[in-house]
Amino acid sequence: MRYTPYYNDRWLVKHGMNVSHYVIIDDVDNMLPEQQAHFVQTNPEVGITIDDTDSIIEIFNK
């Protein structure tokens, strides 16, 4: 089953009061506009790279 951006949105609505920072890591860019600032797209053939981890850390540090 492929998750959709709406799954992420529903999860945040349900748990959002306890979430201050989050990152969505996926190899498909189908996020909602309000999720883009929290999104890091990976390459499905390579996986998570050093550049991806730098982006993830940057999002968490905002």
# chains A, B, ... in the order shown; residues from 1 in each chain; ligands from 1
>>> select_by_dssp(residues="segment 1-45 of chain A", states="strand (DSSP E)", output="PyMOL selection string")
chain A and resi 24-26+39-41
>>> write_last_selection(atoms="N, CA, C and O atoms", output="short mmCIF file (atom, residue, chain, number, x, y, z; two decimals), in the first residue's frame")
data_model
loop_
_atom_site.label_atom_id
_atom_site.label_comp_id
_atom_site.auth_asym_id
_atom_site.auth_seq_id
_atom_site.Cartn_x
_atom_site.Cartn_y
_atom_site.Cartn_z
N ILE A 24 9.08 14.60 6.71
CA ILE A 24 8.53 13.53 5.89
C ILE A 24 9.62 13.13 4.90
O ILE A 24 10.10 13.97 4.14
N ILE A 25 10.01 11.88 4.94
CA ILE A 25 11.06 11.36 4.05
C ILE A 25 10.40 10.35 3.13
O ILE A 25 9.83 9.36 3.58
N ASP A 26 10.47 10.61 1.82
CA ASP A 26 9.84 9.72 0.86
C ASP A 26 10.56 9.84 -0.48
O ASP A 26 11.25 10.83 -0.73
N PHE A 39 9.47 18.25 3.94
CA PHE A 39 9.65 17.09 3.07
C PHE A 39 11.06 17.00 2.53
O PHE A 39 11.64 17.99 2.08
N VAL A 40 11.62 15.79 2.58
CA VAL A 40 12.90 15.49 1.94
C VAL A 40 12.66 14.32 1.00
O VAL A 40 12.22 13.25 1.42
N GLN A 41 12.93 14.54 -0.29
CA GLN A 41 12.74 13.48 -1.27
C GLN A 41 14.04 12.71 -1.45
O GLN A 41 15.10 13.29 -1.70
#
>>> residues_around(residues="Phe60 of chain A", least_positions_apart="2", cutoff="9 Å", atoms="only C-alpha atoms", output="list in words")
His21, Tyr22, Val23, His38, Ser55, Ile56, Ile57, Glu58 and Lys62 of chain A
>>> select_by_dssp(residues="chain A", states="alpha helix (DSSP H)", output="MDAnalysis selection string")
chainID A and resid 5:15 50:60
